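This is start24.txt (compact mmCIF, C-alpha atoms).
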```
# COMPACT_ATOMS: atom_id res chain seq x y z
CA MET Y 1 79.51 -14.18 12.50
CA ALA Y 2 76.86 -12.13 10.71
CA ASP Y 3 77.52 -14.09 7.51
CA LEU Y 4 77.04 -17.40 9.33
CA GLN Y 5 73.81 -16.21 10.97
CA LYS Y 6 72.58 -14.93 7.60
CA ALA Y 7 73.39 -18.28 5.98
CA VAL Y 8 71.50 -20.16 8.71
CA ALA Y 9 68.50 -17.83 8.39
CA THR Y 10 68.48 -18.34 4.62
CA GLN Y 11 68.73 -22.11 5.01
CA LEU Y 12 65.84 -22.17 7.50
CA ALA Y 13 63.72 -19.94 5.22
CA ASN Y 14 64.42 -22.31 2.32
CA ILE Y 15 63.36 -25.27 4.48
CA GLU Y 16 60.07 -23.49 5.20
CA LYS Y 17 59.54 -22.97 1.45
CA LYS Y 18 60.40 -26.60 0.63
CA THR Y 19 58.10 -28.05 3.28
CA GLY Y 20 55.34 -25.44 3.33
CA GLN Y 21 55.57 -25.41 7.14
CA SER Y 22 57.07 -22.96 9.62
CA ILE Y 23 60.24 -23.84 11.52
CA ALA Y 24 58.16 -23.72 14.72
CA ALA Y 25 55.74 -26.32 13.29
CA LEU Y 26 58.61 -28.50 12.10
CA THR Y 27 60.41 -28.40 15.45
CA ALA Y 28 57.10 -29.17 17.18
CA LEU Y 29 56.82 -32.21 14.91
CA ALA Y 30 60.21 -33.40 16.15
CA THR Y 31 59.22 -32.78 19.78
CA ALA Y 32 55.97 -34.71 19.29
CA SER Y 33 57.91 -37.67 17.86
CA GLY Y 34 59.52 -38.21 21.27
CA MET Y 35 62.97 -38.64 19.74
CA LYS Y 36 65.82 -37.13 21.75
CA LYS Y 37 68.98 -37.92 19.76
CA HIS Y 38 70.20 -35.60 17.04
CA GLY Y 39 70.83 -38.39 14.52
CA GLU Y 40 67.36 -39.86 15.02
CA ILE Y 41 65.71 -36.47 14.51
CA ARG Y 42 67.87 -35.71 11.46
CA ASP Y 43 67.00 -39.06 9.87
CA PHE Y 44 63.33 -38.51 10.76
CA PHE Y 45 63.35 -35.20 8.85
CA LYS Y 46 65.12 -36.82 5.89
CA ARG Y 47 62.64 -39.68 5.80
CA GLU Y 48 59.39 -37.83 6.59
CA LEU Y 49 60.04 -34.52 4.83
CA GLY Y 50 62.37 -35.65 2.05
CA LEU Y 51 65.02 -33.14 3.12
CA GLY Y 52 68.65 -33.49 2.15
CA HIS Y 53 71.27 -34.25 4.80
CA GLY Y 54 72.35 -30.62 5.34
CA ASP Y 55 68.82 -29.25 5.70
CA ALA Y 56 67.72 -32.11 7.96
CA ASN Y 57 70.86 -31.63 10.06
CA ALA Y 58 70.24 -27.88 10.46
CA LEU Y 59 66.60 -28.47 11.36
CA ALA Y 60 67.56 -31.15 13.91
CA HIS Y 61 69.94 -28.68 15.57
CA ARG Y 62 67.15 -26.13 15.71
CA ALA Y 63 64.67 -28.66 17.07
CA LEU Y 64 67.05 -29.68 19.84
CA ASP Y 65 68.09 -26.08 20.42
CA THR Y 66 71.66 -27.27 20.89
CA GLY Y 67 73.00 -23.87 20.02
CA ALA Y 68 75.29 -25.41 17.39
CA LEU Y 69 73.76 -23.22 14.68
CA ASP Y 70 74.23 -20.12 16.78
CA ALA Y 71 77.67 -21.01 18.10
CA LYS Y 72 79.95 -18.00 18.16
CA PRO Y 73 82.64 -18.48 15.54
CA ILE Y 74 86.22 -17.96 16.62
CA ALA Y 75 88.46 -16.06 14.23
CA CYS Y 76 91.66 -17.93 13.41
CA GLY Y 77 93.74 -15.65 15.63
CA ASP Y 78 91.38 -15.74 18.64
CA ASP Y 79 92.09 -17.72 21.77
CA ALA Y 80 90.34 -21.05 21.25
CA GLY Y 81 91.81 -22.52 24.43
CA ALA Y 82 88.47 -23.21 26.11
CA GLU Y 83 87.23 -25.16 23.09
CA LEU Y 84 90.45 -27.16 22.93
CA ASP Y 85 90.22 -27.86 26.66
CA ARG Y 86 86.72 -29.25 26.08
CA LEU Y 87 87.62 -31.35 23.00
CA TYR Y 88 90.85 -32.74 24.43
CA ALA Y 89 89.81 -33.56 27.98
CA GLY Y 90 90.67 -36.78 29.77
CA PRO Y 91 92.12 -39.62 27.68
CA LYS Y 92 92.19 -37.45 24.53
CA ALA Y 93 94.50 -34.84 26.11
CA ALA Y 94 97.56 -36.21 24.32
CA LEU Y 95 95.98 -35.35 20.95
CA ARG Y 96 95.95 -31.61 21.66
CA LYS Y 97 99.60 -31.21 20.59
CA LEU Y 98 98.76 -32.91 17.28
CA HIS Y 99 95.69 -30.67 16.83
CA GLU Y 100 97.83 -27.58 17.45
CA ALA Y 101 100.40 -28.79 14.88
CA VAL Y 102 97.66 -29.09 12.24
CA MET Y 103 96.23 -25.68 13.14
CA ALA Y 104 99.66 -24.03 12.95
CA LYS Y 105 99.98 -25.16 9.32
CA VAL Y 106 96.44 -24.03 8.43
CA ALA Y 107 96.89 -20.64 10.11
CA ALA Y 108 99.62 -19.83 7.56
CA PHE Y 109 97.10 -20.06 4.67
CA GLY Y 110 95.20 -16.86 5.52
CA GLU Y 111 91.97 -15.74 7.18
CA PHE Y 112 89.24 -18.18 8.17
CA GLU Y 113 86.87 -18.68 11.06
CA VAL Y 114 86.53 -21.56 13.46
CA ALA Y 115 83.05 -22.74 14.41
CA PRO Y 116 83.12 -25.04 17.45
CA LYS Y 117 80.94 -28.12 17.19
CA LYS Y 118 80.25 -30.81 19.76
CA THR Y 119 83.10 -33.15 18.73
CA TYR Y 120 85.30 -31.10 16.39
CA LEU Y 121 86.16 -27.63 15.12
CA SER Y 122 84.78 -26.58 11.73
CA LEU Y 123 87.12 -24.34 9.74
CA ARG Y 124 85.28 -22.08 7.29
CA ARG Y 125 85.85 -19.48 4.63
CA LYS Y 126 82.84 -19.01 2.35
CA LYS Y 127 82.12 -22.63 3.19
CA GLN Y 128 83.61 -25.30 5.41
CA PHE Y 129 86.96 -26.58 4.22
CA LEU Y 130 88.26 -28.61 7.20
CA MET Y 131 86.99 -30.40 10.27
CA VAL Y 132 89.56 -31.12 13.00
CA GLY Y 133 88.90 -33.17 16.10
CA PRO Y 134 89.61 -36.38 17.96
CA ALA Y 135 88.48 -39.55 16.16
CA THR Y 136 89.52 -41.86 19.00
CA ASN Y 137 91.59 -41.50 22.15
CA THR Y 138 94.72 -42.03 20.04
CA GLN Y 139 93.86 -40.57 16.61
CA LEU Y 140 93.05 -37.08 15.34
CA GLU Y 141 90.82 -36.82 12.29
CA VAL Y 142 91.14 -34.10 9.69
CA GLY Y 143 88.10 -33.99 7.42
CA LEU Y 144 88.65 -32.15 4.13
CA ASN Y 145 86.24 -30.83 1.53
CA LEU Y 146 88.22 -31.48 -1.64
CA LYS Y 147 87.26 -31.62 -5.29
CA GLY Y 148 89.37 -33.06 -8.08
CA ILE Y 149 91.59 -35.18 -5.84
CA GLU Y 150 91.74 -38.97 -5.92
CA PRO Y 151 92.14 -40.60 -2.52
CA GLU Y 152 95.55 -42.10 -1.81
CA PRO Y 153 96.70 -43.34 1.59
CA PRO Y 154 96.51 -41.78 4.08
CA LEU Y 155 93.78 -39.69 2.35
CA MET Y 156 90.52 -41.65 2.40
CA ALA Y 157 87.20 -40.95 0.69
CA VAL Y 158 84.24 -40.46 3.03
CA LYS Y 159 80.97 -42.23 2.30
CA GLN Y 160 78.42 -39.62 1.23
CA PRO Y 161 76.34 -37.81 2.30
CA ALA Y 162 78.71 -36.38 4.90
CA MET Y 163 80.07 -33.06 6.08
CA CYS Y 164 83.37 -33.62 4.23
CA SER Y 165 84.50 -35.57 1.19
CA MET Y 166 87.88 -36.89 2.41
CA LYS Y 167 89.59 -37.59 5.71
CA VAL Y 168 92.99 -38.34 7.17
CA ARG Y 169 93.63 -39.96 10.54
CA LEU Y 170 96.79 -38.92 12.40
CA SER Y 171 98.53 -40.33 15.46
CA ASP Y 172 101.80 -38.39 15.44
CA THR Y 173 102.97 -34.85 14.63
CA GLY Y 174 105.38 -36.34 12.06
CA GLU Y 175 102.31 -37.16 9.94
CA VAL Y 176 101.61 -33.43 9.50
CA ASP Y 177 103.74 -33.57 6.37
CA ALA Y 178 103.95 -31.75 3.03
CA ARG Y 179 101.26 -33.96 1.42
CA LEU Y 180 98.75 -33.25 4.19
CA VAL Y 181 99.57 -29.54 4.14
CA GLY Y 182 99.06 -29.55 0.35
CA TRP Y 183 95.64 -31.20 0.66
CA MET Y 184 94.61 -28.79 3.43
CA ARG Y 185 95.77 -25.79 1.37
CA LYS Y 186 93.80 -27.01 -1.66
CA ALA Y 187 90.65 -27.40 0.50
CA PHE Y 188 91.26 -23.88 1.87
CA GLU Y 189 91.59 -22.43 -1.64
CA GLN Y 190 88.51 -24.26 -2.95
CA ALA Y 191 86.42 -22.83 -0.08
CA GLY Y 192 87.11 -19.40 -1.51
```

Could you render the structure as C-alpha cells?
Amino acid sequence: MADLQKAVATQLANIEKKTGQSIAALTALATASGMKKHGEIRDFFKRELGLGHGDANALAHRALDTGALDAKPIACGDDAGAELDRLYAGPKAALRKLHEAVMAKVAAFGEFEVAPKKTYLSLRRKKQFLMVGPATNTQLEVGLNLKGIEPEPPLMAVKQPAMCSMKVRLSDTGEVDARLVGWMRKAFEQAG
C-alpha cells in the first residue's frame, strides 16, 4: 500500500510541476466548473491543461474525492469477499463464479495486489497487469496490459488511450482456457 500511495503522491507532484498550479488550485478549478461526472472532469483536465489520460484521470479522482486513489489494496490472498459482493450484486451475481475462476488461475502466478475500483478490480505488480470485472449482466471482461502480442479472437485490441491494451469478454468458465491463462501470465510477467 505504501508503494501505491508513494506512486500517487509522485504523480500528483508531477502534475503540479507540469501545470505550475497546486493540486488544491486544480481541484478548485474542477469544482468551479460545476461538472460532477468523473469523465467530464477528466476530459476537462485533458482539454484545458493538456494533461495525458492517466494524469487527468488521477486528478479527476482527487477533485471528486472518490477515494479511488486512496483505496486500500487487497493482497492476493486476502478476503476480497466484500468487494466481490459489491461488484456482483443483483443481475450480475451469476458472473461471480466466472470471476473466481479467472482469479484462481491468476493466483497461481505469484504475488500481486488487488486495488478495488468502482466497476472492476485492478491487479497490480509494479504496474497494473489485469482488470477484471463485469462488462454486462452476462459477460465478464478481463483487460490485459500486453506488449508484443497481436490480437486474435477472443483477444481484442482496446482503442487507446485506455487503462489496458487488450481485452477478452467471457460468458462461461469453459472460456478460461490455456490461451487466456497464457495471455494473463504474460501480462503478469511484463508488469514485473

Can you work out which one of Y:Leu84, Y:Ile41, Y:Ala135, Y:Ala104 has the shortest atom-to-atom distance to Asn57 in chain Y, counting all atoms listed in the file?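 Once distances to Asn57 in chain Y are computed over all atoms listed in the file, the minimum belongs to Y:Ile41.
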
Work out how far CA of Gln190 in chain Y is from CA of Lys18 in chain Y, in Å to one decimal. 28.4 Å

Using all atoms listed in the file, the best pick from Y:Thr136, Y:Ser22, Y:Thr173, Y:Thr31 as closest to Tyr120 in chain Y would be Y:Thr136

Taking into account only C-alpha atoms, which residue in the set Y:Met156, Y:Met163, Y:Leu123, Y:Leu98 is nearest to Glu175 in chain Y?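 Between Y:Met156, Y:Met163, Y:Leu123, Y:Leu98, the residue approaching Glu175 in chain Y most closely is Y:Leu98.
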
Go ahead and compute the interatomic distance for CA of Ala178 in chain Y and CA of Lys126 in chain Y, in Å to one decimal. 24.7 Å

Length of the CA of Gly52 in chain Y to CA of Ala25 in chain Y vector [Å]: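 Here the two named atoms are 18.5 Å from each other.
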
In terms of the shortest atom-to-atom distance over all atoms listed in the file, which of Y:Glu40, Y:Ala82, Y:Gly34, Y:Thr138 is closest to Pro116 in chain Y?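 Checking each of Y:Glu40, Y:Ala82, Y:Gly34, Y:Thr138 against Pro116 in chain Y, counting all atoms listed in the file, the winner is Y:Ala82.
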
Of the residues Y:Met131, Y:Gly50, Y:Leu87, Y:Glu141, which is the one nearest to Thr119 in chain Y, using all atoms listed in the file?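 Between Y:Met131, Y:Gly50, Y:Leu87, Y:Glu141, the residue approaching Thr119 in chain Y most closely is Y:Leu87.
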
For Asn137 in chain Y, which residue out of Y:Ala32, Y:Ala93, Y:Leu26, Y:Val181 is the nearest one, using all atoms listed in the file?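 Nearest to Asn137 in chain Y: Y:Ala93.
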
Around the point (66.0, -31.2, 20.2) (coordinates from the file), which residues reach within 9 Å if we count all atoms listed in the file? Answer as a PyMOL selection string. chain Y and resi 27+30-31+35-38+41+60-66

With 5 Å added on each side, what axis-aligned box encloses every listed atom of range 22-30 of chain Y? Give the centre and edge lengths in Å to one decimal, as AutoDock Vina command-line options.
```
--center_x 58.1 --center_y -28.2 --center_z 13.4 --size_x 14.7 --size_y 20.4 --size_z 17.6
```
